[in-house]
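Quick notes on the structure that follows.
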Amino acid sequence: MTHLGLALSAGAQHSGSDADMQSYAQSMLQGIRKYQMHPFERPDPERPCFWQVGEVRLLHIAPSDGKAHNDPVLVIPSMVNKAYILDLLSGLSFCQWLADAGHDVYLLDWGTSLQDAGQADMDALFTQRLVPALEAVSANGPVHVMGYCMGGTLATALTVLKPDKVRSLCLLAAPWDFKGGGGDLSKWVQFWTPTGLSLIAQQGHLPSDWIQTVFASLDPFHTAQKFTDFAAMDDSGAKAQIFVAVEDWLNDALALPGGLAQECLNGWFMQNKPFSGTWGVCGQTIDPQKIKAPVLIVASENDRLVPYSSSMAFQEQCGSANIVQATCGHIGFMASQKAQGTVWPHIAKFFAGAA
């Protein structure tokens, strides 16, 4: 209902008359109803579990022919949505595509963070979950590490903490300067942070509804427009199936444990600790200059969640990085044919060159 209210309010501002507003609302609601009734359900590929501690699992995605000839890749997603955006659909799975490029891919699945004491705060997250996960996949030698969105910020710290385990680091749409570029997400998070901290104090965690409200605040008109567009799509087409799969994923948001959420809100967004050089994990300052492994930064000017300058700020501090400047949106990095043809090959090429 929060999303609907924001979308209708945005529509009223864009409408020239009551009739326009009524047509706008009807089109949006028609698209929402069509989405709710759509029969498509994303097939679960049922990836084998390579390793698990607490709620955290490593899902193994192997090449289609079962023969890996390149170094393994550890993929770290964000923590506020489920990991399967990186393994979305047959023919549109980044992890399977990368596996078919010759890598054993290990996708980290956070599970239900609230049920896992090993995700209670930032230090626990690394000492009890991320570092052991990296050690499990790097038993036979260093591996490539890739982080998507918030997962890229976490992957950076992991690389600083365990440099001998990381062959290369890929940061995909990953924030570093949390005030860089005057991004809408940063502004809205800061606006909603007092409410978020109050909820954490009351409930012991940051609810997924709070996170969804922040995201809905970014571009409420887009919320309506995407459903209006969906209403006109061919129900049986691949485009409609992708829309449903992505929308289901967006609505599958996860809550964050209180201690971890406080660090993200206060430490990252309010105090900008990563960029200011004051972010510490497990007693170590996370300084990009400590990273000796090759680094690839993939960022887009069209990313509404993580501004291009926020990601690129990492290059200023690490001293040297390979850059891919993309044109897709934040989710489009993982859920668009465009990214599959223009972004994913650069990542595979980087990993091959860093071997």
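Order determines the names: the first chain of the structure tokens is A, the second B, and so forth; residues in each chain are numbered 1 upward, and ligands are numbered 1 upward as they are shown.
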
Can you list, as a PDB file with C-alpha atoms, in the first residue's frame, every protein, DNA or RNA residue that comes within 12 Å of Asp100 (chain A) when you count only C-alpha atoms, leaving out same-chain residues fewer than 3 positions away?
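Produced file selection-v1.pdb, reproduced below:
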```
ATOM      1  CA  ILE A  61      27.025 -23.563 -10.270  1.00  0.00           C
ATOM      2  CA  ALA A  62      29.172 -25.654 -12.584  1.00  0.00           C
ATOM      3  CA  PRO A  63      29.739 -25.358 -16.354  1.00  0.00           C
ATOM      4  CA  SER A  64      27.028 -27.069 -18.393  1.00  0.00           C
ATOM      5  CA  ASP A  65      29.521 -29.728 -19.480  1.00  0.00           C
ATOM      6  CA  GLY A  66      30.789 -30.109 -15.920  1.00  0.00           C
ATOM      7  CA  LYS A  67      34.346 -29.146 -16.883  1.00  0.00           C
ATOM      8  CA  ALA A  68      35.824 -26.034 -15.248  1.00  0.00           C
ATOM      9  CA  HIS A  69      39.156 -24.887 -16.670  1.00  0.00           C
ATOM     10  CA  ASN A  70      39.465 -21.480 -14.979  1.00  0.00           C
ATOM     11  CA  PRO A  72      36.716 -20.530  -9.151  1.00  0.00           C
ATOM     12  CA  GLY A  91      19.240 -18.156 -20.460  1.00  0.00           C
ATOM     13  CA  SER A  93      21.591 -16.366 -15.259  1.00  0.00           C
ATOM     14  CA  PHE A  94      24.821 -14.491 -14.649  1.00  0.00           C
ATOM     15  CA  CYS A  95      26.205 -17.345 -12.551  1.00  0.00           C
ATOM     16  CA  GLN A  96      25.457 -20.004 -15.164  1.00  0.00           C
ATOM     17  CA  TRP A  97      26.819 -17.776 -17.921  1.00  0.00           C
ATOM     18  CA  HIS A 103      34.568 -21.266 -13.876  1.00  0.00           C
ATOM     19  CA  ASP A 104      33.220 -23.152 -10.914  1.00  0.00           C
ATOM     20  CA  VAL A 105      30.933 -20.467  -9.482  1.00  0.00           C
ATOM     21  CA  TRP A 344      29.167  -9.880 -18.602  1.00  0.00           C
ATOM     22  CA  PRO A 345      31.849 -10.547 -21.268  1.00  0.00           C
ATOM     23  CA  ALA A 348      34.829 -12.892 -17.865  1.00  0.00           C
TER      24      ALA A 348
END
```

Contact residues around Leu265 (chain A) with only C-alpha atoms at 9 Å, ignoring same-chain residues under 5 positions, as a PyMOL selection string: chain A and resi 189-190+193+196-197+260+270-271

Please report, as CSV, each residue of region 69-136 of chain A lying at most 12 Å from region 233-257 of chain A, together with the nearest pair of atoms and the separation in Å rounded to one decimal; use only C-alpha atoms, and order rows by chain and ascending residue number.
```
residue,atom,partner,partner_atom,distance
A:Ser78,CA,A:Leu254,CA,10.0
A:Met79,CA,A:Leu254,CA,7.2
A:Val80,CA,A:Leu254,CA,4.9
A:Asn81,CA,A:Ala253,CA,4.6
A:Lys82,CA,A:Asp252,CA,6.8
A:Ala83,CA,A:Trp249,CA,9.1
A:Tyr84,CA,A:Trp249,CA,7.8
A:Ile85,CA,A:Trp249,CA,7.0
A:Leu86,CA,A:Trp249,CA,10.8
A:Asp87,CA,A:Ala245,CA,11.0
A:Leu88,CA,A:Ala245,CA,7.4
A:Leu89,CA,A:Ile242,CA,7.9
A:Ser90,CA,A:Ile242,CA,10.5
A:Gly91,CA,A:Ala238,CA,10.5
A:Leu92,CA,A:Ile242,CA,8.8
A:Ser93,CA,A:Ile242,CA,11.3
A:Asp109,CA,A:Leu254,CA,12.0
A:Trp110,CA,A:Leu254,CA,9.7
A:Gly111,CA,A:Leu254,CA,9.1
A:Thr112,CA,A:Leu254,CA,7.5
A:Ser113,CA,A:Leu256,CA,6.5
A:Leu114,CA,A:Pro257,CA,5.4
A:Gln115,CA,A:Pro257,CA,8.8
A:Asp116,CA,A:Pro257,CA,8.8
A:Ala117,CA,A:Pro257,CA,9.0
A:Gly118,CA,A:Pro257,CA,10.1
A:Gln119,CA,A:Pro257,CA,7.0
A:Ala120,CA,A:Pro257,CA,5.5
A:Asp121,CA,A:Pro257,CA,7.2
A:Met122,CA,A:Pro257,CA,10.0
A:Ala124,CA,A:Pro257,CA,11.4
A:Leu125,CA,A:Pro257,CA,10.6
```

Those same residues, written as a tab-separated table (two decimals), in the first residue's frame with C-alpha atoms?
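Output file part.tsv is given in full below:
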```tsv
chain	number	residue	atom	x	y	z
A	78	SER	CA	23.48	-7.82	-1.38
A	79	MET	CA	21.84	-8.73	1.92
A	80	VAL	CA	18.50	-6.94	1.52
A	81	ASN	CA	17.21	-9.16	-1.30
A	82	LYS	CA	17.71	-12.82	-2.03
A	83	ALA	CA	20.69	-14.09	-4.00
A	84	TYR	CA	18.78	-15.59	-6.92
A	85	ILE	CA	18.83	-12.35	-8.95
A	86	LEU	CA	22.30	-13.60	-9.93
A	87	ASP	CA	20.84	-16.93	-11.08
A	88	LEU	CA	17.50	-15.68	-12.30
A	89	LEU	CA	16.31	-17.76	-15.25
A	90	SER	CA	17.57	-20.24	-17.79
A	91	GLY	CA	19.24	-18.16	-20.46
A	92	LEU	CA	19.41	-15.16	-18.13
A	93	SER	CA	21.59	-16.37	-15.26
A	109	ASP	CA	23.15	-17.30	-0.18
A	110	TRP	CA	22.55	-15.40	3.06
A	111	GLY	CA	19.47	-17.40	4.02
A	112	THR	CA	17.34	-15.82	6.76
A	113	SER	CA	19.76	-13.45	8.45
A	114	LEU	CA	17.57	-12.87	11.50
A	115	GLN	CA	17.86	-16.56	12.38
A	116	ASP	CA	21.66	-16.57	12.21
A	117	ALA	CA	23.79	-15.38	15.13
A	118	GLY	CA	26.73	-15.32	12.73
A	119	GLN	CA	25.15	-12.35	10.96
A	120	ALA	CA	24.30	-10.36	14.09
A	121	ASP	CA	26.87	-7.61	13.43
A	122	MET	CA	29.65	-6.74	11.02
A	124	ALA	CA	30.46	-11.67	13.30
A	125	LEU	CA	29.49	-11.57	9.64
```

Taking a cut-off of 12 Å and counting only C-alpha atoms, can you build a table that, for each residue of region 175-292 of chain A near region 133-151 of chain A, reports the nearest atom pair and how far apart they are in Å (one decimal), sorted by chain then residue number, as a Markdown table?
```
| residue | atom | partner | partner_atom | distance |
| --- | --- | --- | --- | --- |
| A:Pro175 | CA | A:Cys149 | CA | 6.5 |
| A:Trp176 | CA | A:Met150 | CA | 9.2 |
| A:Phe178 | CA | A:Met150 | CA | 11.0 |
| A:Cys264 | CA | A:Met150 | CA | 9.6 |
| A:Trp268 | CA | A:Met150 | CA | 10.5 |
| A:Phe269 | CA | A:Met150 | CA | 11.9 |
```

Could you work out how far CA of Gln212 (chain A) lies from CA of Lys179 (chain A), giving the answer in Å with one decimal? 20.3 Å
